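Right, one structure below, let's go through it.
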Amino acid sequence: MILYGAVIAGLLFLAFAFFAVAQAGTVRNGGQSAADAAALAAAQDDRDELFEDFLDAVVDGDDLEDILDGLGSLAGDGCGEADHFAGRNRSDVIACDAVTRDGHDGYRVKVRTRFDTGDTVVPGADHKKAVARATAVIKPRCELSDDADLIEITCDGDDFTIDPDDIDLDLKPSDLFSVVLVG
């Protein structure tokens with residue numbers, strides 16, 4: 001009978017230990033999701049600024065090449081957006097930095113979860129929060145083909161013709177630039 005009780009107690013301990021490992025995995029995955037969302041939001045804010053620069057350049061007749069290459073004013077609030085999206089994922093941004101990876105501008109974000117593992121039977125694993133990092137960059141999708149009167153761009157195989165005198169564009173920021181996570 002004592003042996004049976006010891007076996008049951010051992011199995012219960014193992015079950016609680018496995019549960020603690022699962023809790024830790026859940027906290028880690030939640031932290032990574034928050035970091036990914038924050039980095040993507042930061043880069044998307046800058047992508048939207050590039051799109052506004054593109055529209056202004058079309059209206060003003062300015063050079064579009066640099067903008068389509070991802071070079072613009074980037075006066076947005078990327079880190080503010082990162083903070084907002086981390087908060088929506090119950091995490092806090094502890095670092096947000098503009099970066100350039102392979103010639104593409106973006107953001108590296110580090111977050112800490114507000115939620116933790118809770119009480120566990122594993123010594124030292126109680127109430128641990130996750131820290132995660134993610135980097136997202138803006139990648140141009142278009143090439144410019146100049147025409148005397150019209151602006152022609154090719155974006156990942158799709159052709160767009162823009163008449164600077166009639167700016168009724170059927171374009172979105174995501175048509176010109178993609179935002180991707182990078183390692």
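Residue numbering restarts at 1 for every chain of the structure tokens, chains are lettered A, B, ... in their displayed order, and ligands are numbered from 1 as they appear.
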Give the alpha helix (DSSP H) residues of segment 25-183 of chain A, as DSSP finds them on the backbone, and put them as a ChimeraX atom specification.
/A:25-60,65-68,78-88,173-176
Please produce an output containing C-alpha atoms for each residue in the selection, written as a PDB file, in the first residue's frame.
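Just written: out.pdb:
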ATOM      1  CA  GLY A  25       6.152  27.254 -23.173  1.00  0.00           C
ATOM      2  CA  THR A  26       2.888  29.166 -23.294  1.00  0.00           C
ATOM      3  CA  VAL A  27       4.462  32.237 -21.693  1.00  0.00           C
ATOM      4  CA  ARG A  28       7.419  32.055 -24.103  1.00  0.00           C
ATOM      5  CA  ASN A  29       5.160  31.697 -27.154  1.00  0.00           C
ATOM      6  CA  GLY A  30       2.969  34.566 -25.971  1.00  0.00           C
ATOM      7  CA  GLY A  31       6.047  36.739 -25.547  1.00  0.00           C
ATOM      8  CA  GLN A  32       7.296  35.897 -29.032  1.00  0.00           C
ATOM      9  CA  SER A  33       3.892  36.665 -30.529  1.00  0.00           C
ATOM     10  CA  ALA A  34       3.919  40.038 -28.766  1.00  0.00           C
ATOM     11  CA  ALA A  35       7.433  40.805 -30.033  1.00  0.00           C
ATOM     12  CA  ASP A  36       6.499  39.821 -33.602  1.00  0.00           C
ATOM     13  CA  ALA A  37       3.347  41.960 -33.537  1.00  0.00           C
ATOM     14  CA  ALA A  38       5.244  44.924 -32.085  1.00  0.00           C
ATOM     15  CA  ALA A  39       8.052  44.774 -34.663  1.00  0.00           C
ATOM     16  CA  LEU A  40       5.611  44.391 -37.555  1.00  0.00           C
ATOM     17  CA  ALA A  41       3.495  47.305 -36.311  1.00  0.00           C
ATOM     18  CA  ALA A  42       6.556  49.546 -36.021  1.00  0.00           C
ATOM     19  CA  ALA A  43       7.712  48.765 -39.563  1.00  0.00           C
ATOM     20  CA  GLN A  44       4.169  49.096 -40.953  1.00  0.00           C
ATOM     21  CA  ASP A  45       3.950  52.594 -39.510  1.00  0.00           C
ATOM     22  CA  ASP A  46       7.064  53.565 -41.466  1.00  0.00           C
ATOM     23  CA  ARG A  47       5.714  51.791 -44.562  1.00  0.00           C
ATOM     24  CA  ASP A  48       2.601  53.968 -44.348  1.00  0.00           C
ATOM     25  CA  GLU A  49       4.852  57.048 -44.160  1.00  0.00           C
ATOM     26  CA  LEU A  50       6.705  55.895 -47.287  1.00  0.00           C
ATOM     27  CA  PHE A  51       3.380  55.517 -49.063  1.00  0.00           C
ATOM     28  CA  GLU A  52       2.430  59.090 -48.094  1.00  0.00           C
ATOM     29  CA  ASP A  53       5.830  60.258 -49.403  1.00  0.00           C
ATOM     30  CA  PHE A  54       5.088  58.386 -52.642  1.00  0.00           C
ATOM     31  CA  LEU A  55       1.714  60.106 -53.062  1.00  0.00           C
ATOM     32  CA  ASP A  56       3.256  63.525 -52.335  1.00  0.00           C
ATOM     33  CA  ALA A  57       6.043  62.881 -54.849  1.00  0.00           C
ATOM     34  CA  VAL A  58       3.536  61.909 -57.549  1.00  0.00           C
ATOM     35  CA  VAL A  59       1.528  65.106 -56.976  1.00  0.00           C
ATOM     36  CA  ASP A  60       4.634  67.314 -56.770  1.00  0.00           C
ATOM     37  CA  GLU A  65      13.068  56.152 -57.391  1.00  0.00           C
ATOM     38  CA  ASP A  66      14.379  56.684 -53.848  1.00  0.00           C
ATOM     39  CA  ILE A  67      10.932  56.305 -52.335  1.00  0.00           C
ATOM     40  CA  LEU A  68      10.255  53.075 -54.237  1.00  0.00           C
ATOM     41  CA  GLY A  78       7.194  53.195 -35.229  1.00  0.00           C
ATOM     42  CA  CYS A  79       8.177  52.613 -31.613  1.00  0.00           C
ATOM     43  CA  GLY A  80       4.885  54.089 -30.447  1.00  0.00           C
ATOM     44  CA  GLU A  81       3.062  51.557 -32.606  1.00  0.00           C
ATOM     45  CA  ALA A  82       5.297  48.796 -31.240  1.00  0.00           C
ATOM     46  CA  ASP A  83       4.349  49.843 -27.728  1.00  0.00           C
ATOM     47  CA  HIS A  84       0.655  49.824 -28.606  1.00  0.00           C
ATOM     48  CA  PHE A  85       0.725  46.338 -30.135  1.00  0.00           C
ATOM     49  CA  ALA A  86       2.862  44.874 -27.370  1.00  0.00           C
ATOM     50  CA  GLY A  87       0.320  46.214 -24.884  1.00  0.00           C
ATOM     51  CA  ARG A  88      -2.509  44.566 -26.809  1.00  0.00           C
ATOM     52  CA  PRO A 173       0.869  50.751 -48.979  1.00  0.00           C
ATOM     53  CA  SER A 174       1.123  46.946 -49.137  1.00  0.00           C
ATOM     54  CA  ASP A 175       1.113  47.116 -52.946  1.00  0.00           C
ATOM     55  CA  LEU A 176       4.383  49.077 -52.908  1.00  0.00           C
TER      56      LEU A 176
END
DSSP-assigned strand (DSSP E or B) members of segment 1-178 of chain A, reported as a compact mmCIF listing (two decimals) with N, CA and C atoms, in the first residue's frame:
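Output saved as part-v5.txt:
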# COMPACT_ATOMS: atom_id res chain seq x y z
N SER A 91 2.04 42.68 -22.99
CA SER A 91 3.50 42.76 -22.85
C SER A 91 3.93 44.21 -22.90
N ASP A 92 5.17 44.46 -22.49
CA ASP A 92 5.74 45.81 -22.51
C ASP A 92 7.00 45.82 -23.36
N VAL A 93 7.15 46.88 -24.15
CA VAL A 93 8.38 47.07 -24.93
C VAL A 93 9.47 47.53 -23.97
N ILE A 94 10.59 46.82 -23.97
CA ILE A 94 11.72 47.25 -23.13
C ILE A 94 12.86 47.79 -23.99
N ALA A 95 12.77 47.61 -25.32
CA ALA A 95 13.73 48.21 -26.25
C ALA A 95 13.10 48.26 -27.63
N CYS A 96 13.31 49.36 -28.33
CA CYS A 96 12.82 49.51 -29.70
C CYS A 96 13.85 50.36 -30.44
N ASP A 97 14.46 49.77 -31.46
CA ASP A 97 15.52 50.46 -32.18
C ASP A 97 15.33 50.34 -33.68
N ALA A 98 15.57 51.44 -34.38
CA ALA A 98 15.59 51.40 -35.83
C ALA A 98 16.82 50.62 -36.27
N VAL A 99 16.66 49.76 -37.27
CA VAL A 99 17.76 48.95 -37.77
C VAL A 99 17.73 48.93 -39.30
N THR A 100 18.84 48.52 -39.86
CA THR A 100 18.92 48.25 -41.29
C THR A 100 19.46 46.84 -41.46
N ARG A 101 18.73 46.02 -42.17
CA ARG A 101 19.15 44.64 -42.44
C ARG A 101 19.16 44.43 -43.96
N HIS A 104 17.60 47.10 -45.93
CA HIS A 104 16.19 47.41 -45.68
C HIS A 104 16.04 47.96 -44.27
N ASP A 105 15.31 49.07 -44.16
CA ASP A 105 15.08 49.70 -42.86
C ASP A 105 13.93 49.01 -42.13
N GLY A 106 14.03 49.02 -40.81
CA GLY A 106 12.98 48.43 -40.00
C GLY A 106 13.24 48.67 -38.52
N TYR A 107 12.71 47.79 -37.70
CA TYR A 107 12.82 47.93 -36.25
C TYR A 107 13.14 46.59 -35.59
N ARG A 108 13.96 46.67 -34.55
CA ARG A 108 14.22 45.54 -33.66
C ARG A 108 13.54 45.88 -32.34
N VAL A 109 12.67 44.98 -31.88
CA VAL A 109 11.88 45.23 -30.68
C VAL A 109 12.12 44.11 -29.68
N LYS A 110 12.23 44.49 -28.41
CA LYS A 110 12.38 43.53 -27.31
C LYS A 110 11.23 43.77 -26.34
N VAL A 111 10.53 42.70 -25.97
CA VAL A 111 9.38 42.84 -25.07
C VAL A 111 9.53 41.91 -23.87
N ARG A 112 8.82 42.27 -22.80
CA ARG A 112 8.70 41.41 -21.61
C ARG A 112 7.21 41.23 -21.36
N THR A 113 6.81 39.99 -21.12
CA THR A 113 5.39 39.71 -20.88
C THR A 113 4.97 40.25 -19.52
N VAL A 131 10.98 37.09 -22.06
CA VAL A 131 11.55 38.20 -22.82
C VAL A 131 11.78 37.66 -24.23
N ALA A 132 11.29 38.42 -25.22
CA ALA A 132 11.42 37.96 -26.60
C ALA A 132 11.82 39.14 -27.48
N ARG A 133 12.45 38.82 -28.62
CA ARG A 133 12.91 39.83 -29.57
C ARG A 133 12.39 39.49 -30.96
N ALA A 134 12.18 40.53 -31.75
CA ALA A 134 11.79 40.34 -33.16
C ALA A 134 12.27 41.54 -33.96
N THR A 135 12.56 41.30 -35.22
CA THR A 135 12.97 42.36 -36.13
C THR A 135 12.12 42.27 -37.39
N ALA A 136 11.59 43.41 -37.81
CA ALA A 136 10.80 43.48 -39.04
C ALA A 136 11.37 44.60 -39.90
N VAL A 137 11.39 44.37 -41.21
CA VAL A 137 11.90 45.37 -42.16
C VAL A 137 10.89 45.61 -43.26
N ILE A 138 11.09 46.75 -43.94
CA ILE A 138 10.26 47.13 -45.08
C ILE A 138 11.02 46.75 -46.35
N LYS A 139 10.38 45.95 -47.19
CA LYS A 139 11.02 45.54 -48.45
C LYS A 139 10.25 46.14 -49.62
N PRO A 140 10.95 46.89 -50.47
CA PRO A 140 10.30 47.44 -51.66
C PRO A 140 9.85 46.33 -52.59
N CYS A 142 8.49 47.31 -55.86
CA CYS A 142 8.20 47.91 -57.16
C CYS A 142 9.45 48.45 -57.85
N GLU A 143 9.33 48.51 -59.17
CA GLU A 143 10.34 49.14 -60.01
C GLU A 143 9.65 50.20 -60.85
N LEU A 144 10.36 51.28 -61.10
CA LEU A 144 9.81 52.41 -61.84
C LEU A 144 10.17 52.31 -63.31
N SER A 145 9.17 52.57 -64.17
CA SER A 145 9.39 52.68 -65.61
C SER A 145 8.86 54.04 -66.01
N ASP A 146 9.76 54.98 -66.32
CA ASP A 146 9.32 56.34 -66.63
C ASP A 146 8.77 56.44 -68.04
N ILE A 151 3.27 57.66 -65.14
CA ILE A 151 4.21 56.94 -64.29
C ILE A 151 3.81 55.47 -64.32
N GLU A 152 4.73 54.63 -64.70
CA GLU A 152 4.45 53.20 -64.74
C GLU A 152 5.36 52.50 -63.74
N ILE A 153 4.76 51.70 -62.89
CA ILE A 153 5.53 50.91 -61.94
C ILE A 153 5.10 49.46 -62.04
N THR A 154 6.04 48.58 -61.78
CA THR A 154 5.77 47.15 -61.74
C THR A 154 6.08 46.67 -60.33
N CYS A 155 5.06 46.08 -59.71
CA CYS A 155 5.19 45.62 -58.34
C CYS A 155 4.92 44.12 -58.28
N ASP A 158 2.82 42.89 -61.09
CA ASP A 158 1.61 43.66 -61.38
C ASP A 158 2.02 45.04 -61.88
N ASP A 159 1.45 45.44 -63.01
CA ASP A 159 1.76 46.75 -63.59
C ASP A 159 0.70 47.77 -63.17
N PHE A 160 1.18 48.96 -62.80
CA PHE A 160 0.30 50.06 -62.44
C PHE A 160 0.70 51.28 -63.27
N THR A 161 -0.27 51.98 -63.81
CA THR A 161 -0.04 53.22 -64.54
C THR A 161 -0.70 54.34 -63.76
N ILE A 162 0.07 55.38 -63.48
CA ILE A 162 -0.40 56.50 -62.68
C ILE A 162 -0.34 57.77 -63.51
N PHE A 177 5.14 48.14 -50.78
CA PHE A 177 6.15 47.69 -49.84
C PHE A 177 5.59 46.54 -49.00
N SER A 178 6.41 45.53 -48.79
CA SER A 178 6.01 44.48 -47.87
C SER A 178 6.77 44.67 -46.55
To one decimal place in Å, what is the distance between atom CA of Ala130 of chain A and atom CA of Ala24 of chain A?
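If I compute the distance from atom CA of Ala130 of chain A to atom CA of Ala24 of chain A, I get 8.3 Å.
Between Ala20 of chain A and the residues A:Gly157, A:Gly124, A:Gly103, A:Pro164, the shortest atom-to-atom distance, using only C-alpha atoms, involves A:Gly124.
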